[in-house]
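Trainee: The structure under discussion is supplied below as structure tokens; questions concerning it will follow.
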Amino acid sequence: MLKLVGVETFYGKVKALHGVSLEVKDGQLVTILGANGAGKTTILNTISGLVEPEQGTIHFNGKRIDGEDPEKIVAMGIGHVPEWRRIFPELTVKENLIMGGYLIGKKDLLYERMEEAFKHFPILETRKDQTAGTMSGGEQQMLAISRALIMRPKLLLMDEPSLGLSPILVQDIFATIKELHQFGVTILLVEQNVNRALAIADYGYVLTTGKILLSGTYEELLEEEKVREQYLGEGKYIRRSKLWNG
Ligand SMILES: Nc1ncnc2c1ncn2[C@@H]1O[C@H](COP(=O)(O)OP(=O)(O)OP(=O)(O)O)[C@@H](O)[C@H]1O
Ligand SMILES: [Mg+2]
């Protein structure tokens, strides 16, 4: 469904991505793991057209999308839940959802989709006329996810959805991601919450300073010493925590 080959993205003269190649297959939940500044957000922003790669190619369902307008990429079926949610804080919940769905063009359909979002996240319905910036972090995250889903994306890019949330809300967000995946949404998830992300993912990539260092399934990555040391703490503990599957 999504294929990046040799993608290099720069900020001015600084190279943030050094030839990134990765693949997300139809129906998969793939995660990108990596420390602060590794280039995770840059990968997602390059896919959604917010930044343009200098080298390499990005194909989505067989069509080349690198260099396309972000709007066109959304219309092709790629939704993006950005880092720190980036909802419009001054607008109401309803207005935020309308903004997310403006490309739909038909008001009836847009409202239908909004009702679906409310069914999925009832708290958003009770808050629909409240300005989004006054909601809790978890509620804002639900709004950011709903805003992306309103376009019915085939592929959903999620940038650290658990960032800054309390443990209980983190649990909720991961449950939501798992559910979306089970509904059949293909997901590319960026996370620092490595254990939880790998536990729900079909496949993972480990990124260090703009390069893919390793990739594999949960089990394969757990076998890698570097992953255990760097991201999951001490080895023995990890083997036990493998039992964790929420
Ligand atoms: N707008 C920008 N202008 C210049 N440099 C940038 C810009 N955005 C990111 N960078 C740099 O590019 C590199 C990758 O940043 P990126 O935000 O993609 O990392 P990340 O893995 O998402 O990090 P984090 O975990 O902190 O979100 C970093 O060195 C960062 O300083
Ligand atoms: Mg980031």
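Labels used: A, B, ... for chains in the order of the structure tokens, numbers from 1 for residues in each chain, and numbers from 1 for ligands as shown.
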Within 7 Å of ligand 2, counting only C-alpha atoms and all ligand atoms: which residues, as a PyMOL selection string?

Mentor: chain A and resi 36-37+39-41+83+159

Trainee: So that I have them on file, write out the residues from the current selection with C-alpha atoms, as a short mmCIF file (atom, residue, chain, number, x, y, z; two decimals), in the first residue's frame.

Mentor:
data_model
loop_
_atom_site.label_atom_id
_atom_site.label_comp_id
_atom_site.auth_asym_id
_atom_site.auth_seq_id
_atom_site.Cartn_x
_atom_site.Cartn_y
_atom_site.Cartn_z
CA ASN A 36 13.96 12.16 20.10
CA GLY A 37 15.17 13.78 16.92
CA GLY A 39 13.37 11.74 12.22
CA LYS A 40 10.07 9.99 12.96
CA THR A 41 7.93 13.09 12.47
CA GLU A 83 2.37 15.32 16.65
CA ASP A 159 2.49 10.74 15.33
#

Trainee: Find the residues near A:Phe183: any atom within 12 Å, counting only C-alpha atoms, skip ones fewer than 5 places away on the same chain, and give them as a PyMOL selection string.

Mentor: chain A and resi 27-29+152+154+176-178

Trainee: Rounded to one decimal in Å, what is the spacing between atom CA of A:Asp26 and atom CA of A:Val74?

Mentor: 17.2 Å

Trainee: Let me have all residues with an atom within 8 Å of ligand 1, counting only C-alpha atoms and all ligand atoms, laid out as a PyMOL selection string.

Mentor: chain A and resi 10-12+14-17+34-43+83+159-160+191-192+207+209-210

Trainee: Between A:Val20, A:Val30, A:Met151, A:Met114, which has the minimum distance to A:Ala199 (counting only C-alpha atoms)?

Mentor: A:Val30

Trainee: Pick the closest to A:Arg86 from A:Gln140, A:Asn193, A:Thr31, A:Thr208: which is it, counting only C-alpha atoms?

Mentor: A:Gln140

Trainee: Hey, what's within 10 Å of A:Arg127 if we count only C-alpha atoms and toss same-chain stuff fewer than 4 positions away? As a PyMOL selection string, please?

Mentor: chain A and resi 92-94+118+122-123+131-132+134-135+139

Trainee: Give the answer as one residue: which of A:Leu124, A:Leu44, A:Leu33, A:Ile73 has the shortest atom-to-atom distance to A:Leu97, using only C-alpha atoms?

Mentor: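 Selected residue with least distance to A:Leu97: A:Leu124.
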